[in-house]
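Text of the file upload.tsv, holding TSV, C-alpha atoms and all ligand atoms:
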```tsv
chain	number	residue	atom	x	y	z
A	855	MET	CA	-26.49	8.93	7.21
A	856	ALA	CA	-25.65	10.82	4.00
A	857	GLN	CA	-23.81	9.14	1.17
A	858	PRO	CA	-20.06	9.48	1.66
A	859	PRO	CA	-18.47	11.91	-0.83
A	860	ARG	CA	-16.94	9.96	-3.62
A	861	LEU	CA	-13.21	10.32	-3.35
A	862	PHE	CA	-11.61	9.02	-6.52
A	863	LEU	CA	-8.25	9.84	-5.02
A	864	PRO	CA	-5.52	7.23	-4.89
A	865	GLY	CA	-6.06	7.39	-1.15
A	866	PRO	CA	-7.73	8.24	1.00
A	867	THR	CA	-10.59	6.57	-0.80
A	868	ALA	CA	-14.32	6.72	-0.14
A	869	VAL	CA	-15.55	4.81	2.92
A	870	SER	CA	-19.00	3.24	3.03
A	871	ALA	CA	-21.60	4.66	5.39
A	872	GLU	CA	-21.79	1.35	7.26
A	873	VAL	CA	-18.06	1.44	8.02
A	874	LEU	CA	-18.12	5.11	9.03
A	875	GLU	CA	-21.01	4.38	11.34
A	876	ALA	CA	-19.20	1.52	13.04
A	877	GLN	CA	-16.92	4.15	14.58
A	878	THR	CA	-19.72	5.34	16.84
A	879	ARG	CA	-19.79	2.11	18.89
A	880	ARG	CA	-19.15	2.66	22.58
A	881	LEU	CA	-15.51	3.09	23.53
A	882	ILE	CA	-13.61	0.42	25.44
A	883	GLY	CA	-10.28	0.46	27.21
A	884	HIS	CA	-7.23	-1.02	25.57
A	885	ARG	CA	-6.12	-3.41	28.30
A	886	GLY	CA	-9.38	-5.25	28.83
A	887	SER	CA	-10.75	-8.49	27.44
A	888	GLU	CA	-13.02	-6.77	24.91
A	889	ILE	CA	-10.15	-5.22	23.00
A	890	SER	CA	-8.27	-8.52	23.05
A	891	GLU	CA	-11.26	-10.32	21.58
A	892	LEU	CA	-11.53	-7.67	18.91
A	893	LEU	CA	-7.81	-7.82	18.04
A	894	GLU	CA	-7.85	-11.61	17.93
A	895	SER	CA	-10.87	-11.65	15.66
A	896	VAL	CA	-9.41	-8.95	13.42
A	897	GLN	CA	-6.11	-10.87	13.24
A	898	ALA	CA	-7.75	-14.00	11.86
A	899	ARG	CA	-9.46	-12.07	9.07
A	900	LEU	CA	-6.40	-9.94	8.30
A	901	ARG	CA	-4.47	-13.15	7.69
A	902	VAL	CA	-7.00	-14.12	5.05
A	903	VAL	CA	-6.74	-10.73	3.37
A	904	PHE	CA	-2.91	-10.85	3.51
A	905	GLN	CA	-2.97	-14.48	2.31
A	906	SER	CA	-0.48	-15.14	5.07
A	907	LEU	CA	0.03	-17.18	8.20
A	908	HIS	CA	2.46	-14.59	9.57
A	909	ARG	CA	1.48	-12.32	12.41
A	910	ILE	CA	-0.10	-9.08	11.15
A	911	TYR	CA	0.69	-6.06	13.29
A	912	VAL	CA	-1.85	-3.24	13.53
A	913	SER	CA	-0.25	0.17	13.91
A	914	THR	CA	-2.01	3.38	14.85
A	915	SER	CA	-0.12	5.44	12.32
A	916	SER	CA	-0.22	6.11	8.65
A	917	ALA	CA	1.57	3.61	6.43
A	918	THR	CA	4.75	5.69	6.41
A	919	GLY	CA	5.27	4.82	10.06
A	920	LEU	CA	5.85	1.25	9.00
A	921	PHE	CA	8.55	2.38	6.54
A	922	GLU	CA	10.38	3.36	9.69
A	923	ALA	CA	9.51	0.12	11.48
A	924	ALA	CA	10.86	-1.97	8.60
A	925	ALA	CA	14.00	0.13	8.22
A	926	ARG	CA	14.91	0.14	11.90
A	927	SER	CA	14.02	-3.46	12.68
A	928	CYS	CA	15.17	-5.22	9.53
A	929	ILE	CA	18.18	-3.48	7.96
A	930	ARG	CA	21.37	-4.75	9.61
A	931	GLU	CA	24.24	-3.34	7.55
A	932	ARG	CA	23.01	-2.06	4.23
A	933	ALA	CA	19.86	-1.98	2.13
A	934	LEU	CA	19.06	-1.73	-1.54
A	935	CYS	CA	16.24	0.76	-2.01
A	936	CYS	CA	14.39	0.41	-5.31
A	937	VAL	CA	13.02	3.77	-6.48
A	938	ASN	CA	10.57	4.31	-9.33
A	939	GLY	CA	8.35	7.06	-7.98
A	940	ALA	CA	7.57	9.33	-5.05
A	941	PHE	CA	6.65	6.72	-2.44
A	942	SER	CA	9.62	4.46	-3.09
A	943	GLN	CA	11.77	7.57	-2.92
A	944	ARG	CA	10.20	8.47	0.42
A	945	TRP	CA	11.08	5.02	1.74
A	946	ALA	CA	14.71	5.55	0.75
A	947	GLU	CA	14.61	8.89	2.59
A	948	VAL	CA	13.22	7.18	5.68
A	949	VAL	CA	16.02	4.59	5.52
A	950	GLU	CA	18.54	7.43	5.27
A	951	ALA	CA	16.92	9.43	8.08
A	952	ASN	CA	17.22	6.40	10.35
A	953	GLY	CA	20.95	6.25	9.73
A	954	LYS	CA	20.91	3.02	7.73
A	955	ALA	CA	23.45	2.57	4.94
A	956	HIS	CA	21.85	1.99	1.58
A	957	ALA	CA	22.21	2.28	-2.16
A	958	ILE	CA	19.47	3.37	-4.52
A	959	LEU	CA	18.43	1.46	-7.59
A	960	GLU	CA	16.45	4.01	-9.57
A	961	VAL	CA	14.57	3.59	-12.81
A	962	GLU	CA	12.68	6.34	-14.55
A	963	TRP	CA	9.43	7.35	-12.81
A	964	GLY	CA	6.68	5.60	-14.72
A	965	GLU	CA	8.72	2.41	-15.24
A	966	PRO	CA	8.47	-0.76	-13.12
A	967	ILE	CA	11.25	-2.27	-11.03
A	968	LEU	CA	12.11	-5.58	-12.69
A	969	ALA	CA	13.68	-8.71	-11.22
A	970	ASP	CA	16.64	-8.31	-13.60
A	971	HIS	CA	17.39	-4.84	-12.22
A	972	VAL	CA	17.44	-6.19	-8.67
A	973	ASP	CA	19.40	-9.29	-9.64
A	974	GLU	CA	22.12	-7.18	-11.23
A	975	ALA	CA	22.36	-4.79	-8.28
A	976	LEU	CA	22.63	-7.69	-5.81
A	977	ASP	CA	25.31	-9.33	-7.99
A	978	GLN	CA	27.39	-6.20	-8.13
A	979	ALA	CA	27.11	-5.59	-4.40
A	980	ALA	CA	28.13	-9.17	-3.56
A	981	ALA	CA	31.12	-8.92	-5.92
A	982	SER	CA	32.22	-5.60	-4.39
A	983	GLY	CA	32.24	-7.06	-0.88
A	984	ALA	CA	29.49	-4.75	0.42
A	985	PRO	CA	26.42	-6.99	0.13
A	986	PHE	CA	22.88	-5.91	0.91
A	987	ASP	CA	20.94	-7.61	3.69
A	988	ALA	CA	17.57	-6.06	2.82
A	989	VAL	CA	15.71	-4.74	-0.21
A	990	THR	CA	12.87	-2.20	-0.19
A	991	VAL	CA	10.40	-2.08	-3.05
A	992	VAL	CA	6.98	-0.55	-3.64
A	993	HIS	CA	4.57	-2.99	-5.26
A	994	ASN	CA	2.17	-0.39	-6.63
A	995	GLU	CA	3.70	3.06	-7.14
A	996	THR	CA	0.73	5.30	-6.51
A	997	SER	CA	2.55	8.34	-7.88
A	998	THR	CA	2.84	6.78	-11.35
A	999	GLY	CA	0.21	4.02	-11.49
A	1000	VAL	CA	2.83	1.34	-12.04
A	1001	THR	CA	2.73	-2.18	-10.55
A	1002	SER	CA	6.09	-3.95	-10.29
A	1003	PRO	CA	6.40	-7.76	-10.49
A	1004	VAL	CA	7.16	-8.39	-6.82
A	1005	GLY	CA	6.78	-12.17	-7.15
A	1006	ASP	CA	9.68	-12.28	-9.63
A	1007	ILE	CA	11.73	-9.83	-7.57
A	1008	ALA	CA	11.20	-12.03	-4.50
A	1009	GLU	CA	12.61	-15.04	-6.34
A	1010	ALA	CA	15.72	-13.13	-7.35
A	1011	VAL	CA	16.25	-11.84	-3.82
A	1012	ARG	CA	15.79	-15.29	-2.31
A	1013	ALA	CA	18.32	-16.83	-4.69
A	1014	HIS	CA	20.93	-14.24	-3.71
A	1015	GLY	CA	20.27	-14.77	-0.03
A	1016	LYS	CA	20.88	-18.50	-0.43
A	1017	LYS	CA	24.19	-17.84	-2.15
A	1018	ALA	CA	25.24	-15.38	0.56
A	1019	GLY	CA	24.30	-17.75	3.40
A	1020	GLU	CA	22.29	-15.03	5.12
A	1021	PRO	CA	18.77	-14.13	4.10
A	1022	ILE	CA	18.26	-10.88	2.27
A	1023	LEU	CA	15.00	-9.57	3.68
A	1024	LEU	CA	12.44	-8.34	1.19
A	1025	LEU	CA	10.49	-5.37	2.54
A	1026	VAL	CA	7.49	-4.50	0.41
A	1027	ASP	CA	5.11	-1.56	0.39
A	1028	THR	CA	1.67	-2.75	-0.74
A	1029	VAL	CA	-0.08	0.37	0.51
A	1030	SER	CA	-2.15	0.96	-2.62
A	1031	SER	CA	-2.50	-2.67	-3.68
A	1032	LEU	CA	-3.27	-4.97	-0.76
A	1033	GLY	CA	-6.98	-5.73	-0.72
A	1034	GLY	CA	-7.43	-4.65	-4.35
A	1035	ILE	CA	-4.63	-6.34	-6.28
A	1036	ASP	CA	-3.47	-9.90	-5.60
A	1037	VAL	CA	-0.61	-9.93	-3.06
A	1038	PRO	CA	0.04	-13.55	-2.01
A	1039	VAL	CA	2.40	-12.69	0.85
A	1040	ASP	CA	3.38	-16.25	1.79
A	1041	ARG	CA	3.56	-17.62	-1.74
A	1042	TRP	CA	5.86	-14.77	-2.72
A	1043	GLY	CA	7.79	-15.14	0.54
A	1044	LEU	CA	7.69	-11.49	1.64
A	1045	ASP	CA	9.43	-10.67	4.93
A	1046	VAL	CA	7.63	-7.43	5.62
A	1047	CYS	CA	4.47	-6.58	3.72
A	1048	LEU	CA	3.12	-3.25	4.89
A	1049	THR	CA	-0.05	-1.41	3.96
A	1050	GLY	CA	-2.40	1.36	5.08
A	1051	GLY	CA	-6.12	1.26	5.73
A	1052	GLN	CA	-7.19	4.22	3.59
A	1053	LYS	CA	-6.42	2.76	0.17
A	1054	CYS	CA	-7.78	-0.54	-1.19
A	1055	LEU	CA	-8.99	-1.65	2.24
A	1056	ALA	CA	-11.27	1.41	2.34
A	1057	ILE	CA	-11.37	2.31	6.01
A	1058	PRO	CA	-10.81	5.87	7.25
A	1059	PRO	CA	-7.14	6.98	7.45
A	1060	GLY	CA	-5.11	6.23	10.58
A	1061	LEU	CA	-4.30	2.53	10.71
A	1062	ALA	CA	-1.42	0.67	9.08
A	1063	PHE	CA	-0.69	-3.05	8.93
A	1064	ALA	CA	2.34	-5.25	8.40
A	1065	ALA	CA	2.68	-8.99	7.86
A	1066	VAL	CA	6.08	-9.93	9.25
A	1067	SER	CA	7.99	-13.18	8.76
A	1068	ASP	CA	9.87	-15.18	11.41
A	1069	ARG	CA	13.11	-14.37	9.59
A	1070	ALA	CA	12.43	-10.67	9.93
A	1071	LEU	CA	11.85	-11.00	13.69
A	1072	GLU	CA	15.01	-13.08	14.07
A	1073	ARG	CA	16.90	-10.34	12.27
A	1074	ALA	CA	15.34	-7.65	14.46
A	1075	ALA	CA	16.51	-9.44	17.59
A	1076	ARG	CA	20.12	-8.94	16.42
A	1077	ILE	CA	19.78	-5.25	15.59
A	1078	PRO	CA	20.35	-2.62	18.32
A	1079	ASP	CA	18.65	0.78	18.42
A	1080	ARG	CA	15.36	-0.20	16.91
A	1081	GLY	CA	13.56	2.60	18.71
A	1082	TRP	CA	10.40	1.69	20.59
A	1083	TYR	CA	7.21	2.94	18.99
A	1084	PHE	CA	7.94	1.16	15.71
A	1085	ASP	CA	9.98	-1.75	17.06
A	1086	LEU	CA	8.62	-4.94	15.56
A	1087	LEU	CA	9.67	-6.94	18.63
A	1088	VAL	CA	7.59	-4.67	20.85
A	1089	TYR	CA	4.62	-5.21	18.52
A	1090	GLU	CA	5.21	-8.96	18.75
A	1091	LYS	CA	5.36	-8.94	22.54
A	1092	TYR	CA	1.98	-7.25	22.76
A	1093	LEU	CA	0.31	-9.15	19.96
A	1094	GLU	CA	1.09	-12.36	21.85
A	1095	ARG	CA	-1.39	-11.18	24.47
A	1096	TRP	CA	-3.78	-9.67	21.87
A	1097	GLN	CA	-2.88	-6.12	22.69
A	1098	THR	CA	-1.09	-3.22	21.06
A	1099	PRO	CA	1.98	-1.56	22.65
A	1100	ALA	CA	0.22	1.78	23.19
A	1101	THR	CA	-3.33	3.09	22.88
A	1102	PRO	CA	-4.75	1.99	19.53
A	1103	ALA	CA	-7.26	4.00	17.49
A	1104	VAL	CA	-10.17	1.99	18.88
A	1105	THR	CA	-12.78	3.62	16.66
A	1106	LEU	CA	-10.78	2.72	13.57
A	1107	LEU	CA	-10.58	-0.87	14.80
A	1108	TYR	CA	-14.39	-0.87	14.85
A	1109	ALA	CA	-14.38	0.37	11.26
A	1110	LEU	CA	-11.85	-2.30	10.33
A	1111	ASP	CA	-13.94	-4.98	12.05
A	1112	VAL	CA	-16.96	-4.17	9.87
A	1113	GLN	CA	-14.95	-3.64	6.69
A	1114	LEU	CA	-13.07	-6.95	6.98
A	1115	ASP	CA	-16.43	-8.73	7.01
A	1116	ARG	CA	-17.52	-6.78	3.96
A	1117	ILE	CA	-14.27	-7.63	2.17
A	1118	LEU	CA	-14.54	-11.32	2.95
A	1119	ASP	CA	-18.23	-11.36	2.02
A	1120	GLU	CA	-17.30	-10.01	-1.39
A	1121	GLY	CA	-14.40	-12.47	-1.59
A	1122	LEU	CA	-10.78	-11.65	-2.46
A	1123	GLU	CA	-11.02	-13.00	-6.00
A	1124	ALA	CA	-14.15	-10.95	-6.71
A	1125	ARG	CA	-12.51	-7.90	-5.21
A	1126	PHE	CA	-9.45	-8.26	-7.42
A	1127	ALA	CA	-11.68	-8.82	-10.46
A	1128	ARG	CA	-13.68	-5.68	-9.66
A	1129	HIS	CA	-10.49	-3.62	-9.36
A	1130	HIS	CA	-9.31	-5.04	-12.67
A	1131	ALA	CA	-12.63	-4.20	-14.35
A	1132	MET	CA	-12.58	-0.63	-12.97
A	1133	ALA	CA	-9.01	-0.19	-14.17
A	1134	ASP	CA	-9.87	-1.60	-17.58
A	1135	HIS	CA	-12.60	0.95	-18.02
A	1136	VAL	CA	-10.49	3.91	-16.85
A	1137	ARG	CA	-7.46	2.82	-18.90
A	1138	GLU	CA	-9.47	2.42	-22.08
A	1139	TRP	CA	-11.09	5.77	-21.52
A	1140	ALA	CA	-7.70	7.39	-20.87
A	1141	LEU	CA	-6.01	5.80	-23.89
A	1142	ASP	CA	-8.84	7.01	-26.07
A	1143	ARG	CA	-8.65	10.63	-24.97
A	1144	PHE	CA	-5.18	11.09	-23.47
A	1145	ASP	CA	-2.46	8.52	-22.81
A	1146	VAL	CA	-1.41	6.43	-19.82
A	1147	LEU	CA	1.96	6.95	-18.12
A	1148	ALA	CA	2.61	3.30	-17.25
A	1149	PRO	CA	3.76	0.91	-19.98
A	1150	GLU	CA	1.46	-1.94	-20.95
A	1151	GLY	CA	1.77	-4.97	-18.71
A	1152	TYR	CA	2.61	-2.86	-15.63
A	1153	ARG	CA	-0.51	-0.70	-15.39
A	1154	SER	CA	-2.01	-0.58	-11.94
A	1155	ASP	CA	-5.46	-1.95	-11.21
A	1156	SER	CA	-5.99	0.54	-8.37
A	1157	VAL	CA	-4.80	3.89	-9.79
A	1158	THR	CA	-4.33	5.25	-13.28
A	1159	ALA	CA	-1.91	8.11	-13.95
A	1160	VAL	CA	-3.29	9.74	-17.07
A	1161	LEU	CA	-0.76	11.60	-19.22
A	1162	ASN	CA	-2.20	15.07	-19.64
A	1163	THR	CA	-1.60	15.21	-23.40
A	1164	ARG	CA	-4.39	17.77	-23.88
A	1165	LYS	CA	-2.87	20.06	-21.25
A	1166	ILE	CA	-6.15	20.50	-19.43
A	1167	ASP	CA	-6.24	22.54	-16.23
A	1168	VAL	CA	-6.54	19.85	-13.53
A	1169	GLY	CA	-7.70	22.38	-10.92
A	1170	MET	CA	-10.54	23.45	-13.21
A	1171	LEU	CA	-11.45	19.85	-13.90
A	1172	ASN	CA	-11.69	19.18	-10.17
A	1173	ARG	CA	-13.89	22.24	-9.66
A	1174	HIS	CA	-16.15	20.91	-12.41
A	1175	LEU	CA	-16.28	17.47	-10.77
A	1176	ALA	CA	-16.95	18.94	-7.33
A	1177	GLY	CA	-19.84	20.91	-8.81
A	1178	THR	CA	-21.20	17.86	-10.63
A	1179	ALA	CA	-21.46	15.34	-7.85
A	1180	ASP	CA	-19.00	16.12	-5.08
A	1181	TRP	CA	-16.32	14.04	-6.80
A	1182	VAL	CA	-12.62	14.65	-6.59
A	1183	ILE	CA	-9.68	13.15	-8.47
A	1184	SER	CA	-6.00	13.80	-7.91
A	1185	ASN	CA	-3.38	15.88	-9.62
A	1186	GLY	CA	-0.06	14.29	-10.56
A	1187	TYR	CA	2.32	13.71	-7.66
A	1188	ALA	CA	5.42	15.89	-7.13
A	1189	LYS	CA	7.31	16.30	-10.39
A	1190	LEU	CA	4.42	14.73	-12.33
A	1191	ARG	CA	2.00	17.47	-11.24
A	1192	ASP	CA	-0.09	18.83	-14.16
A	1193	LYS	CA	1.84	16.55	-16.53
A	1194	THR	CA	-0.41	13.78	-15.26
A	1195	PHE	CA	-3.56	13.49	-13.23
A	1196	ARG	CA	-4.59	10.42	-11.29
A	1197	ILE	CA	-7.84	8.58	-10.90
A	1198	GLY	CA	-8.03	6.26	-7.91
A	1199	HIS	CA	-10.25	3.25	-8.61
A	1200	MET	CA	-9.71	1.43	-5.37
A	1201	GLY	CA	-11.56	0.22	-2.33
A	1202	ASP	CA	-15.31	-0.02	-2.61
A	1203	HIS	CA	-15.84	1.87	-5.87
A	1204	THR	CA	-17.72	0.14	-8.68
A	1205	VAL	CA	-17.32	0.05	-12.45
A	1206	GLU	CA	-20.58	2.00	-12.75
A	1207	GLU	CA	-19.20	4.79	-10.56
A	1208	CYS	CA	-16.05	4.89	-12.68
A	1209	GLU	CA	-18.20	5.18	-15.80
A	1210	GLU	CA	-20.12	8.05	-14.24
A	1211	LEU	CA	-16.87	9.76	-13.36
A	1212	THR	CA	-15.30	9.45	-16.81
A	1213	GLY	CA	-18.64	10.60	-18.27
A	1214	ALA	CA	-18.43	13.73	-16.14
A	1215	ILE	CA	-14.83	14.33	-17.26
A	1216	ASP	CA	-16.00	13.95	-20.87
A	1217	ARG	CA	-18.56	16.70	-20.33
A	1218	PHE	CA	-15.75	18.91	-19.00
A	1219	LEU	CA	-13.62	18.15	-22.09
A	1220	GLU	CA	-16.47	19.25	-24.35
B	1301	LIG	C1	-0.33	6.41	0.25
B	1301	LIG	C2	0.95	5.68	0.10
B	1301	LIG	C3	1.98	5.73	1.06
B	1301	LIG	C4	1.91	6.63	2.25
B	1301	LIG	O1	0.91	6.24	3.09
B	1301	LIG	P1	0.53	7.14	4.37
B	1301	LIG	O2	-0.58	6.34	4.96
B	1301	LIG	O3	0.09	8.47	3.84
B	1301	LIG	O4	1.71	7.23	5.23
B	1301	LIG	C5	3.09	4.96	0.88
B	1301	LIG	N1	3.23	4.18	-0.21
B	1301	LIG	C6	2.29	4.12	-1.16
B	1301	LIG	C7	2.51	3.24	-2.34
B	1301	LIG	C8	1.12	4.87	-1.03
B	1301	LIG	O5	0.18	4.80	-1.98
```

In structure tokens, what does this structure look like?
Ligand SMILES: *Cc1c(COP(=O)(O)O)cnc(C)c1O
Amino acid sequence: MAQPPRLFLPGPTAVSAEVLEAQTRRLIGHRGSEISELLESVQARLRVVFQSLHRIYVSTSSATGLFEAAARSCIRERALCCVNGAFSQRWAEVVEANGKAHAILEVEWGEPILADHVDEALDQAAASGAPFDAVTVVHNETSTGVTSPVGDIAEAVRAHGKKAGEPILLLVDTVSSLGGIDVPVDRWGLDVCLTGGQKCLAIPPGLAFAAVSDRALERAARIPDRGWYFDLLVYEKYLERWQTPATPAVTLLYALDVQLDRILDEGLEARFARHHAMADHVREWALDRFDVLAPEGYRSDSVTAVLNTRKIDVGMLNRHLAGTADWVISNGYAKLRDKTFRIGHMGDHTVEECEELTGAIDRFLE
């Protein structure tokens, strides 16, 4: 099988030939014992990758589907939606579209969400008599290359929940971090930690995952109108018998099966270190020739948003890269288009590949 094209996008990322090939295994039905064995075996390894003892639901959808699941199943009265880029904004839109009351805590795109910001917003809401019962936050804003300190935010949220006498659920998007950047779900105490397969986990697009706490399920049981397809309680009912509510993307489960072994063979620590080393190289390169959007201390290990200080034509750069070695990087997202361009260094890429890529961009700059 030919080498997979090297997608240096911040998702979908390149998938190894071995994982792509796994999808050609013979198909099985989704109510038999074979699928249950597969789901049970996948579950055990997902828990290692999520660093969590919670159940991990597997959804045949993109990650955005689980924005909806979290919003509908976990927000009772009112949510605080933290926004610092395009994906966190999308989550707020999903909350709105599902008819859930919310307020937005927005910081400038390119900045992190800090625990102090959240602390202050929760204080004000409690004082005004309209408290929040859930908080949404994106761990790694792929649109800006910014990683927010979710561990600190979780502490602040937990402290407020204790004061209020009812937990404030922390719903976290780790779509472009889980599997590449350390996300200790249980140590941080996350209630919903959702991710997609096509980013740091490096399987083909189409599966999403969520680690869900007992508290979140207890909350869901008291919320009417959760829908069905993305109802966490429906997921739970089927997971208990090692099934999914509806037909899963069986071929993607095969890919996941192989890739989870590859991830655990590498080891989580080694995987995080490799992502950090790739990011280090790309950041240094970018700081030398351009600038980096994210402030120091909050720069993502899985995607770098390079400030386009030289005003290069990103379309032309991508045509050059495609001609060089079938590589592609990403333009800036939404309002950051052309002002930034993004290099995804996530999944199974190596430092050497990143060096080759930045070398090819250097030749374009000359
Ligand atoms: C890619 C991405 C999403 C959206 O994921 P889909 O699988 O396209 O629905 C959401 N949040 C973040 C941080 C992402 O990087």

What residues of the protein or nucleic acid chains come within 10 Å of ligand LIG 1301 (chain B) when you use only C-alpha atoms and all ligand atoms? Reply as an MDAnalysis selection string. chainID A and resid 864:866 915:921 939:945 991:1001 1026:1031 1048:1054 1059:1062 1156:1157

Residue selection dump (C-alpha atoms) as a PDB file, in the frame of the given file:
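Wrote part.pdb, looks like this:
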```
ATOM      1  CA  PRO A 864      -5.520   7.230  -4.890  1.00  0.00           C
ATOM      2  CA  GLY A 865      -6.060   7.390  -1.150  1.00  0.00           C
ATOM      3  CA  PRO A 866      -7.730   8.240   1.000  1.00  0.00           C
ATOM      4  CA  SER A 915      -0.120   5.440  12.320  1.00  0.00           C
ATOM      5  CA  SER A 916      -0.220   6.110   8.650  1.00  0.00           C
ATOM      6  CA  ALA A 917       1.570   3.610   6.430  1.00  0.00           C
ATOM      7  CA  THR A 918       4.750   5.690   6.410  1.00  0.00           C
ATOM      8  CA  GLY A 919       5.270   4.820  10.060  1.00  0.00           C
ATOM      9  CA  LEU A 920       5.850   1.250   9.000  1.00  0.00           C
ATOM     10  CA  PHE A 921       8.550   2.380   6.540  1.00  0.00           C
ATOM     11  CA  GLY A 939       8.350   7.060  -7.980  1.00  0.00           C
ATOM     12  CA  ALA A 940       7.570   9.330  -5.050  1.00  0.00           C
ATOM     13  CA  PHE A 941       6.650   6.720  -2.440  1.00  0.00           C
ATOM     14  CA  SER A 942       9.620   4.460  -3.090  1.00  0.00           C
ATOM     15  CA  GLN A 943      11.770   7.570  -2.920  1.00  0.00           C
ATOM     16  CA  ARG A 944      10.200   8.470   0.420  1.00  0.00           C
ATOM     17  CA  TRP A 945      11.080   5.020   1.740  1.00  0.00           C
ATOM     18  CA  VAL A 991      10.400  -2.080  -3.050  1.00  0.00           C
ATOM     19  CA  VAL A 992       6.980  -0.550  -3.640  1.00  0.00           C
ATOM     20  CA  HIS A 993       4.570  -2.990  -5.260  1.00  0.00           C
ATOM     21  CA  ASN A 994       2.170  -0.390  -6.630  1.00  0.00           C
ATOM     22  CA  GLU A 995       3.700   3.060  -7.140  1.00  0.00           C
ATOM     23  CA  THR A 996       0.730   5.300  -6.510  1.00  0.00           C
ATOM     24  CA  SER A 997       2.550   8.340  -7.880  1.00  0.00           C
ATOM     25  CA  THR A 998       2.840   6.780 -11.350  1.00  0.00           C
ATOM     26  CA  GLY A 999       0.210   4.020 -11.490  1.00  0.00           C
ATOM     27  CA  VAL A1000       2.830   1.340 -12.040  1.00  0.00           C
ATOM     28  CA  THR A1001       2.730  -2.180 -10.550  1.00  0.00           C
ATOM     29  CA  VAL A1026       7.490  -4.500   0.410  1.00  0.00           C
ATOM     30  CA  ASP A1027       5.110  -1.560   0.390  1.00  0.00           C
ATOM     31  CA  THR A1028       1.670  -2.750  -0.740  1.00  0.00           C
ATOM     32  CA  VAL A1029      -0.080   0.370   0.510  1.00  0.00           C
ATOM     33  CA  SER A1030      -2.150   0.960  -2.620  1.00  0.00           C
ATOM     34  CA  SER A1031      -2.500  -2.670  -3.680  1.00  0.00           C
ATOM     35  CA  LEU A1048       3.120  -3.250   4.890  1.00  0.00           C
ATOM     36  CA  THR A1049      -0.050  -1.410   3.960  1.00  0.00           C
ATOM     37  CA  GLY A1050      -2.400   1.360   5.080  1.00  0.00           C
ATOM     38  CA  GLY A1051      -6.120   1.260   5.730  1.00  0.00           C
ATOM     39  CA  GLN A1052      -7.190   4.220   3.590  1.00  0.00           C
ATOM     40  CA  LYS A1053      -6.420   2.760   0.170  1.00  0.00           C
ATOM     41  CA  CYS A1054      -7.780  -0.540  -1.190  1.00  0.00           C
ATOM     42  CA  PRO A1059      -7.140   6.980   7.450  1.00  0.00           C
ATOM     43  CA  GLY A1060      -5.110   6.230  10.580  1.00  0.00           C
ATOM     44  CA  LEU A1061      -4.300   2.530  10.710  1.00  0.00           C
ATOM     45  CA  ALA A1062      -1.420   0.670   9.080  1.00  0.00           C
ATOM     46  CA  SER A1156      -5.990   0.540  -8.370  1.00  0.00           C
ATOM     47  CA  VAL A1157      -4.800   3.890  -9.790  1.00  0.00           C
TER      48      VAL A1157
END
```

Would you mind reading off the distance between CA of Leu1093 (chain A) and CA of Thr1105 (chain A), one decimal, in Å?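 About the pair CA of Leu1093 (chain A) and CA of Thr1105 (chain A): they are 18.6 Å apart.
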
Could you make a table, as a tab-separated table, of the residues of region 1072-1191 of chain A that have an atom within 10 Å of an atom of region 886-894 of chain A, each with its nearest atom pair and distance in Å to one decimal, counting only C-alpha atoms, in chain and number order?
```
residue	atom	partner	partner_atom	distance
A:Leu1093	CA	A:Leu893	CA	8.4
A:Glu1094	CA	A:Glu894	CA	9.8
A:Arg1095	CA	A:Ser890	CA	7.5
A:Trp1096	CA	A:Ser890	CA	4.8
A:Gln1097	CA	A:Ser890	CA	5.9
A:Thr1098	CA	A:Leu893	CA	8.7
A:Pro1102	CA	A:Ile889	CA	9.7
A:Val1104	CA	A:Ile889	CA	8.3
A:Leu1107	CA	A:Leu892	CA	8.0
A:Tyr1108	CA	A:Leu892	CA	8.4
A:Asp1111	CA	A:Leu892	CA	7.8
```

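For region 1171-1185 of chain A, the residues within 7 Å (counting all atoms listed in the file, excluding itself and residues fewer than 2 positions away along the chain) are A:Pro859, A:Arg860, A:Leu861, A:Phe862, A:Leu863, A:Asp1167, A:Val1168, A:Gly1169, A:Tyr1187, A:Arg1191, A:Asp1192, A:Thr1194, A:Phe1195, A:Arg1196, A:Ile1197, A:Ala1214, A:Phe1218.
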
Can you list, as a PDB file with C-alpha atoms, keeping the file's coordinate frame, every protein, DNA or RNA residue that comes within 9 Å of region 1078-1082 of chain A when you count all atoms listed in the file, leaving out same-chain residues fewer than 5 positions away?
```
ATOM      1  CA  ALA A 923       9.510   0.120  11.480  1.00  0.00           C
ATOM      2  CA  ALA A 925      14.000   0.130   8.220  1.00  0.00           C
ATOM      3  CA  ARG A 926      14.910   0.140  11.900  1.00  0.00           C
ATOM      4  CA  SER A 927      14.020  -3.460  12.680  1.00  0.00           C
ATOM      5  CA  CYS A 928      15.170  -5.220   9.530  1.00  0.00           C
ATOM      6  CA  LEU A1087       9.670  -6.940  18.630  1.00  0.00           C
ATOM      7  CA  VAL A1088       7.590  -4.670  20.850  1.00  0.00           C
TER       8      VAL A1088
END
```

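The gap separating CA of Ala988 (chain A) from CA of Arg1076 (chain A) is 14.1 Å, in Å to one decimal.
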
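Take the candidates A:Val1112, A:Met1200, A:Ala1056, A:Ala1148 and check each one against Met1132 (chain A) using all atoms listed in the file; the shortest distance goes to A:Met1200.
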
Measuring between only C-alpha atoms, which one of A:Arg901, A:Arg930, A:Arg1041, A:Arg909 shows the shortest distance to Ala1075 (chain A)?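 Of all the options, A:Arg930 lies closest to Ala1075 (chain A).
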
Have a look at A:Gly1043, A:Gly1186, A:Gly964, A:Gly1201 and name the one nearest to His1129 (chain A); count all atoms listed in the file.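 The answer is A:Gly1201, which sits nearest to His1129 (chain A).
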